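Beneath this line is the structure, given in structure tokens, with notes to follow.
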Amino acid sequence: MSEIFSREWIVLRRVEMWLLVLVVYLFQRNVNSGHMPTIAVDPEAFMNVSEIIQHKGYPCEEYEVTTEDGYILSVNRIPRGIAQPKETAIVRYNANYDEMARFDLPAVINFILQKTGQEKIYYVGYSQGTTMGFIAFSTMPELAQKIKMYFALAPIATVKYAKSPGTKFLLLPDMMIKGLFGKKEFLYQTRFFRQLFIYLCGQVILDQICSNIMLLLGGFNTNNMNMSRANVYVAHNPSGTSVQNILHWSQAVNSGELRAFDWGSEAKNLEKGNQPTPIKYKVRDMTVPTAMWSGGQDWLSNPEDVRTLLSEVTHLIYHKNIPEWAHVDFIWGLDAPHRVYNEIIHLMKQEEINHSQGMCEPRS
């Protein structure tokens, strides 16, 4: 096993070397010729979440929410739409995903309920956001009661069958991952690197390479993307996470299970989870009405893992598989509004009608 890792490490270093040579060449060419063919940079590449919302013509409010364990989360609210009332929340997390489910999600949901005066809300999760939902709503019944309906896009409970090249990296020993990235932030984009990526991916020679690298983790369906906005995508993705979160996903790849973070000792596991071994989460305990959308070419939310998940969701009201979709189609796909978002809105409206008529269960 160590010999395989050594070979992979050598290949990785060679790739990095050639990328560095390519970058130096492009900068040198730019200096010598005085210009380089470039693609116009979308202004949203340089904006934060609040600025993007306002740039689209919506009002935006920004709040800080403190979790029970002391983390401060930034929450963006759209208090009303251009024509119709509309609300959403975008959160940045700084722990591993079971702590996000245990602390971050309740803090944000309770804040939204307090701010809006609502008794229940809808939860829309994508990718890791669905993992948090499955954990939180199956282990905290009091929180689950505050959710009208759960919409899971590219759902992930386990990554046993994930084909993403990123999962190969996650097979590395914990100590090697910590040695490469330290113990704090993972792939956090500083202002310098964001501007560098925008510049490099704006070159005609490199724009296609940037797009392919960006899609490498979740699968390819480039015909469904607006590639003129590639510089916006690379400016905001990846947005970074904690090394501890990456270590948790590493454990998930190795175990093939949905379970709490293993802190490495019985004493630490007892302190964090009240038992000597990591808690195994049971999705079938979740009572929230759930609708799911999955992609047939998704390398992270693999169809095999989704098939297992479907058998465990006891209150599944709707599922749609889109055969040609990969992981990012759910957020960047040109046909996402037609094939997914409109269906979410329809289910919401139908739930409101059912509720007003006194029906207990929503119907799809």
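Just remember, in the structure tokens the first chain shown is A, the second B, etc., residues are 1-based per chain, and ligands are 1-based in the order shown.
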
message: Quick one: residues within 12 Å of A:Ile177, only C-alpha atoms, excluding same-chain residues fewer than 3 positions away - as an MDAnalysis selection string?
response: chainID A and resid 5 9 169:174 180:186 242:250

- prompt: If you run DSSP on the backbone, which residues of stretch 206-323 of chain A are strand (DSSP E or B), as a VMD selection string?
  reply: chain A and resid 241 to 242 259 280 290 to 295 316 to 322

Given the selection you just returned, output its residues as a file containing all heavy atoms, formatted as a short mmCIF file (atom, residue, chain, number, x, y, z; two decimals), in the first residue's frame.
data_model
loop_
_atom_site.label_atom_id
_atom_site.label_comp_id
_atom_site.auth_asym_id
_atom_site.auth_seq_id
_atom_site.Cartn_x
_atom_site.Cartn_y
_atom_site.Cartn_z
N THR A 241 -12.67 24.27 3.39
CA THR A 241 -13.32 23.63 4.53
C THR A 241 -12.24 23.38 5.57
O THR A 241 -11.12 23.87 5.44
CB THR A 241 -14.03 22.33 4.09
OG1 THR A 241 -14.75 21.80 5.20
CG2 THR A 241 -13.04 21.29 3.60
N SER A 242 -12.55 22.62 6.59
CA SER A 242 -11.55 22.30 7.60
C SER A 242 -10.86 20.99 7.25
O SER A 242 -11.46 20.11 6.62
CB SER A 242 -12.20 22.19 8.99
OG SER A 242 -13.08 21.08 9.03
N ARG A 259 -21.41 7.62 9.79
CA ARG A 259 -21.19 7.58 11.23
C ARG A 259 -20.43 8.81 11.69
O ARG A 259 -19.87 9.56 10.88
CB ARG A 259 -20.43 6.31 11.63
CG ARG A 259 -19.01 6.22 11.09
CD ARG A 259 -18.37 4.89 11.44
NE ARG A 259 -16.95 4.88 11.14
CZ ARG A 259 -16.16 3.81 11.28
NH1 ARG A 259 -16.67 2.67 11.68
NH2 ARG A 259 -14.87 3.89 11.01
N LYS A 280 -23.24 5.32 14.81
CA LYS A 280 -23.69 5.04 13.45
C LYS A 280 -25.07 5.66 13.27
O LYS A 280 -26.01 5.33 14.00
CB LYS A 280 -23.75 3.52 13.22
CG LYS A 280 -22.38 2.86 13.19
CD LYS A 280 -22.49 1.37 12.86
CE LYS A 280 -21.11 0.72 12.85
NZ LYS A 280 -21.20 -0.74 12.53
N THR A 290 -39.51 13.54 2.55
CA THR A 290 -38.29 13.80 1.80
C THR A 290 -38.47 13.57 0.30
O THR A 290 -39.05 12.56 -0.12
CB THR A 290 -37.15 12.89 2.32
OG1 THR A 290 -36.97 13.11 3.73
CG2 THR A 290 -35.85 13.17 1.59
N ALA A 291 -37.97 14.52 -0.49
CA ALA A 291 -37.93 14.39 -1.94
C ALA A 291 -36.46 14.43 -2.37
O ALA A 291 -35.68 15.23 -1.85
CB ALA A 291 -38.71 15.52 -2.61
N MET A 292 -36.08 13.57 -3.31
CA MET A 292 -34.68 13.45 -3.70
C MET A 292 -34.51 13.49 -5.21
O MET A 292 -35.34 12.96 -5.95
CB MET A 292 -34.08 12.14 -3.14
CG MET A 292 -33.93 12.13 -1.63
SD MET A 292 -33.53 10.49 -0.94
CE MET A 292 -32.25 9.92 -2.03
N TRP A 293 -33.41 14.12 -5.64
CA TRP A 293 -33.03 14.16 -7.05
C TRP A 293 -31.58 13.68 -7.15
O TRP A 293 -30.70 14.17 -6.42
CB TRP A 293 -33.13 15.58 -7.61
CG TRP A 293 -34.53 16.08 -7.78
CD1 TRP A 293 -35.26 16.11 -8.93
CD2 TRP A 293 -35.39 16.63 -6.76
NE1 TRP A 293 -36.51 16.64 -8.70
CE2 TRP A 293 -36.62 16.97 -7.38
CE3 TRP A 293 -35.23 16.86 -5.39
CZ2 TRP A 293 -37.67 17.54 -6.68
CZ3 TRP A 293 -36.29 17.42 -4.69
CH2 TRP A 293 -37.50 17.75 -5.33
N SER A 294 -31.31 12.74 -8.04
CA SER A 294 -29.96 12.20 -8.18
C SER A 294 -29.54 12.18 -9.65
O SER A 294 -30.38 12.25 -10.55
CB SER A 294 -29.89 10.78 -7.59
OG SER A 294 -30.85 9.93 -8.20
N GLY A 295 -28.23 12.08 -9.88
CA GLY A 295 -27.69 12.08 -11.24
C GLY A 295 -27.04 10.75 -11.58
O GLY A 295 -26.29 10.19 -10.78
N LEU A 316 -40.14 8.81 2.04
CA LEU A 316 -39.81 9.31 0.71
C LEU A 316 -41.10 9.59 -0.06
O LEU A 316 -41.92 8.70 -0.27
CB LEU A 316 -38.97 8.27 -0.05
CG LEU A 316 -38.47 8.69 -1.44
CD1 LEU A 316 -37.41 9.78 -1.32
CD2 LEU A 316 -37.90 7.48 -2.18
N ILE A 317 -41.27 10.85 -0.48
CA ILE A 317 -42.48 11.23 -1.21
C ILE A 317 -42.22 11.39 -2.71
O ILE A 317 -43.17 11.40 -3.51
CB ILE A 317 -43.08 12.54 -0.66
CG1 ILE A 317 -42.09 13.69 -0.83
CG2 ILE A 317 -43.50 12.38 0.79
CD1 ILE A 317 -42.70 15.05 -0.57
N TYR A 318 -40.93 11.50 -3.09
CA TYR A 318 -40.62 11.70 -4.51
C TYR A 318 -39.15 11.44 -4.74
O TYR A 318 -38.30 11.79 -3.91
CB TYR A 318 -40.96 13.14 -4.91
CG TYR A 318 -40.72 13.46 -6.38
CD1 TYR A 318 -41.57 12.98 -7.37
CD2 TYR A 318 -39.63 14.24 -6.77
CE1 TYR A 318 -41.36 13.26 -8.71
CE2 TYR A 318 -39.41 14.54 -8.12
CZ TYR A 318 -40.27 14.05 -9.08
OH TYR A 318 -40.07 14.33 -10.41
N HIS A 319 -38.83 10.79 -5.86
CA HIS A 319 -37.43 10.64 -6.28
C HIS A 319 -37.36 10.71 -7.79
O HIS A 319 -38.18 10.14 -8.50
CB HIS A 319 -36.84 9.30 -5.82
CG HIS A 319 -35.49 9.03 -6.45
ND1 HIS A 319 -35.25 7.96 -7.29
CD2 HIS A 319 -34.33 9.74 -6.39
CE1 HIS A 319 -33.99 8.00 -7.69
NE2 HIS A 319 -33.41 9.07 -7.17
N LYS A 320 -36.37 11.46 -8.26
CA LYS A 320 -36.14 11.58 -9.69
C LYS A 320 -34.66 11.39 -9.98
O LYS A 320 -33.82 12.07 -9.40
CB LYS A 320 -36.60 12.96 -10.19
CG LYS A 320 -36.39 13.18 -11.70
CD LYS A 320 -36.90 14.55 -12.10
CE LYS A 320 -36.79 14.80 -13.59
NZ LYS A 320 -37.30 16.14 -13.96
N ASN A 321 -34.36 10.46 -10.87
CA ASN A 321 -32.99 10.27 -11.33
C ASN A 321 -32.86 10.86 -12.73
O ASN A 321 -33.69 10.60 -13.61
CB ASN A 321 -32.62 8.79 -11.37
CG ASN A 321 -31.23 8.57 -11.93
OD1 ASN A 321 -30.23 8.95 -11.33
ND2 ASN A 321 -31.16 7.97 -13.11
N ILE A 322 -31.83 11.68 -12.92
CA ILE A 322 -31.57 12.30 -14.23
C ILE A 322 -30.33 11.62 -14.80
O ILE A 322 -29.21 11.88 -14.33
CB ILE A 322 -31.38 13.82 -14.10
CG1 ILE A 322 -32.61 14.43 -13.40
CG2 ILE A 322 -31.18 14.44 -15.47
CD1 ILE A 322 -32.50 15.91 -13.12
#

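Among A:Leu153, A:Ala252, A:Ala45, A:Ile78, the residue with the shortest atom-to-atom distance to A:Tyr233, counting only C-alpha atoms, is A:Ala45.
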